[in-house]
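Participant: Questions regarding the structure given below will be posed in turn.
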Amino acid sequence: MSTTVYDCSNVAERAAGLKHAARALAADGCVVLPTDTVYGIGADAFSARGVTGLLAAKGRTRAMPPPVLIAHAGVLDGLADEVSEDARALARAFWPGGLTLILHAQPSLGWDLGETRGTVALRVPDDDVARALLIETGPLAVSSANRTGRPAATTAQEAAAMLGESVELYLDDGPRGEPGTDPVASTIVDCTGEVPVVVRHGAIPLQRLREVVPAVTAGDEPAAVPPPGSTGAHAADPAAHPTPGEAPEPAAAPGTDGTGARGAGPAGGGPAQPAGTTVPAGGAAPPRTPGPAAAAEDQHLAATLVARSAGAPAPAVDQDRARRGPQAPAGPQPPLPVEEAARLVARGLGTD
């Protein structure tokens with residue numbers, strides 16, 4: 001399979017690249033896209049085949065499910081269930097941006113991201129190209145555009161050197177991160193319990209989180225009100241818990257890569273572009289303007305997403321669609337505490 005690179009600094013190429021990416025994702029393919037942190041490899045979050053291809057391209061297993069990027073917070077209730085007021089406050093304050101929220105997934109959704117045990121990690125990236133694509137396609141499963149265990153790609157060329165033709169196209173919007181700086185992950189907050197718990201420190205400091213929600217606790221201190229079934233602090237995977245400004249471990253440990261890493265990737269980094277030709281392209285959708293009409297649209301979006309997820313296939317390019325109906329489980333699943341489910345999701349996030 002040949003691949004195509006689109007120069008998103010060119011208005012014409014950017015629009016064509018976004019349209020091509022939407023078609024590729026609707027056909028269960030994978031694409032490389034820029035985010036506000038590093039380059040990511042994305043697949044339709046509702047395509048089991050697409051997510052499987054994403055994990056295979058990275059060399060990951062289902063035990064490391066990818067997070068889901070969304071265009072705006074209006075989709076939150078369509079994907080997450082029992083969203084607390086604290087979680088909503090954090091989303092309002094820090095989306096778009098470097099905050100990932102672990103939430104209960106809507107039980108009606110027909111998707112398979114891996115071994116999430118009923119949770120989903122959501123983030124709104126602060127990147128124009130990424131959000132324009134998300135508006136075209138709907139929610140995307142996105143992980144860092146690299147082979148597991150290697151540094152996250154900060155350019156499309158670095159991504160191409162690692163992923164090659166395992167993806168259909170690359171959206172090149174220039175380098176990400178500041179040269180010479182260490183990667184900085186997004187902050188991950190588990191909002192599945194009674195008290196929000198930071199399970200990985202990152203781009204949003206704990207102090208800023210507490211300015212919005214004073215009850216937020218750090219992963220290394222006891223919660224004021226422990227979540228159900230918990231004996232205190234959330235047990236986060238140490239490999240997915242770097243301190244602010246600290247680079248992820250270079251080894252192939254679980255949870256050390258993802259689309260929240262920021263900074264320099266490997267020096268040099270491969271060919272100027274992967275095999276294929278560059279196709280001219282054009283402008284992208286503008287960001288949504290908040291207001292009463294947008295709020296009403298958001299509510300309709302969320303309700304429609306839940307209703308459609310159990311029904312017939314919807315158009316591929318539709319922000320509130322779910323293209324897969326619910327799938328019957330293979331067999332009885334053993335019960336798992338919420339905190340353990342959140343830990344598994346945090347592992348899959350890598351440095352997102």
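Letters A, B, ... mark the chains of the structure tokens in the order given; residue numbers begin at 1 per chain; ligand numbers begin at 1, in order shown.
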What are the DSSP alpha helix (DSSP H) residues of range 97-203 of chain A, as a PyMOL selection string?

Facilitator: chain A and resi 128-137+156-163

Participant: Would you mind exporting the chosen residues as an mmCIF file, in the first residue's frame, restricted to C-alpha atoms?

Facilitator:
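So again.cif came out as:
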```
data_model
loop_
_atom_site.group_PDB
_atom_site.id
_atom_site.type_symbol
_atom_site.label_atom_id
_atom_site.label_comp_id
_atom_site.auth_asym_id
_atom_site.auth_seq_id
_atom_site.Cartn_x
_atom_site.Cartn_y
_atom_site.Cartn_z
ATOM 1 C CA ASP A 128 -6.474 23.128 14.655
ATOM 2 C CA VAL A 129 -5.728 20.289 12.217
ATOM 3 C CA ALA A 130 -6.613 17.569 14.714
ATOM 4 C CA ARG A 131 -9.886 19.224 15.675
ATOM 5 C CA ALA A 132 -10.805 19.907 12.047
ATOM 6 C CA LEU A 133 -10.369 16.191 11.336
ATOM 7 C CA LEU A 134 -12.369 15.241 14.432
ATOM 8 C CA ILE A 135 -15.216 17.490 13.273
ATOM 9 C CA GLU A 136 -15.189 15.625 9.949
ATOM 10 C CA THR A 137 -14.945 12.107 11.360
ATOM 11 C CA ALA A 156 5.485 13.488 10.197
ATOM 12 C CA GLN A 157 8.848 12.290 8.871
ATOM 13 C CA GLU A 158 9.746 10.642 12.176
ATOM 14 C CA ALA A 159 6.341 8.947 12.192
ATOM 15 C CA ALA A 160 6.839 7.721 8.612
ATOM 16 C CA ALA A 161 10.245 6.263 9.494
ATOM 17 C CA MET A 162 8.588 4.057 12.138
ATOM 18 C CA LEU A 163 5.153 3.330 10.693
#
```

Participant: Out of range 18-190 of chain A, which residues get strand (DSSP E) from DSSP, as a PyMOL selection string?

Facilitator: chain A and resi 31-34+39-44+68-69+80-81+99-105+119-123+140-144+169-172+187-190

Participant: For a quick check of understanding, using only C-alpha atoms, which of A:Pro139, A:Gly74, A:Gly164, A:Pro196 has the smallest distance to Leu25 in chain A?

Facilitator: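 Selected residue with least distance to Leu25 in chain A: A:Pro139.
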
Participant: What does the distance between CA of Val51 in chain A and CA of Val5 in chain A come to in Å, to one decimal place?

Facilitator: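 Answer for the CA of Val51 in chain A to CA of Val5 in chain A separation: 21.5 Å.
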
Participant: Nearest to Thr3 in chain A: which of A:Thr192, A:Ser166, A:Gly110, A:Arg88 is it, counting only C-alpha atoms?

Facilitator: A:Ser166

Participant: Between A:Ala87, A:Cys8, A:Ala141, A:Leu209, which residue has the minimum interatomic distance to Pro65 in chain A, considering only C-alpha atoms?

Facilitator: A:Ala141

Participant: Taking only C-alpha atoms into account, which of A:Val32, A:Ala57, A:Val142, A:Cys191 comes nearest Val83 in chain A?

Facilitator: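 Of A:Val32, A:Ala57, A:Val142, A:Cys191, the one nearest Val83 in chain A is A:Cys191, counting only C-alpha atoms.
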
Participant: Using only C-alpha atoms, which of the listed residues (A:Ala203, A:Ala145, A:Ala73, A:Ala15) sits closest to Cys30 in chain A?

Facilitator: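 Of A:Ala203, A:Ala145, A:Ala73, A:Ala15, the one nearest Cys30 in chain A, counting only C-alpha atoms, is A:Ala145.
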
Participant: When you draw a straight line from CA of Gly193 in chain A to CA of Ile70 in chain A, how long is it in Å?

Facilitator: 22.3 Å

Participant: Kindly indicate which residue among A:Glu115, A:Glu211, A:Asp190, A:Glu165 lies nearest to Gly29 in chain A, using only C-alpha atoms for the distances.

Facilitator: A:Glu165

Participant: Which polymer residues have any atom within 8 Å of an atom of Thr187 in chain A, counting only C-alpha atoms, with same-chain residues fewer than 5 positions away left out, as a PyMOL selection string?

Facilitator: chain A and resi 98-100+198-205
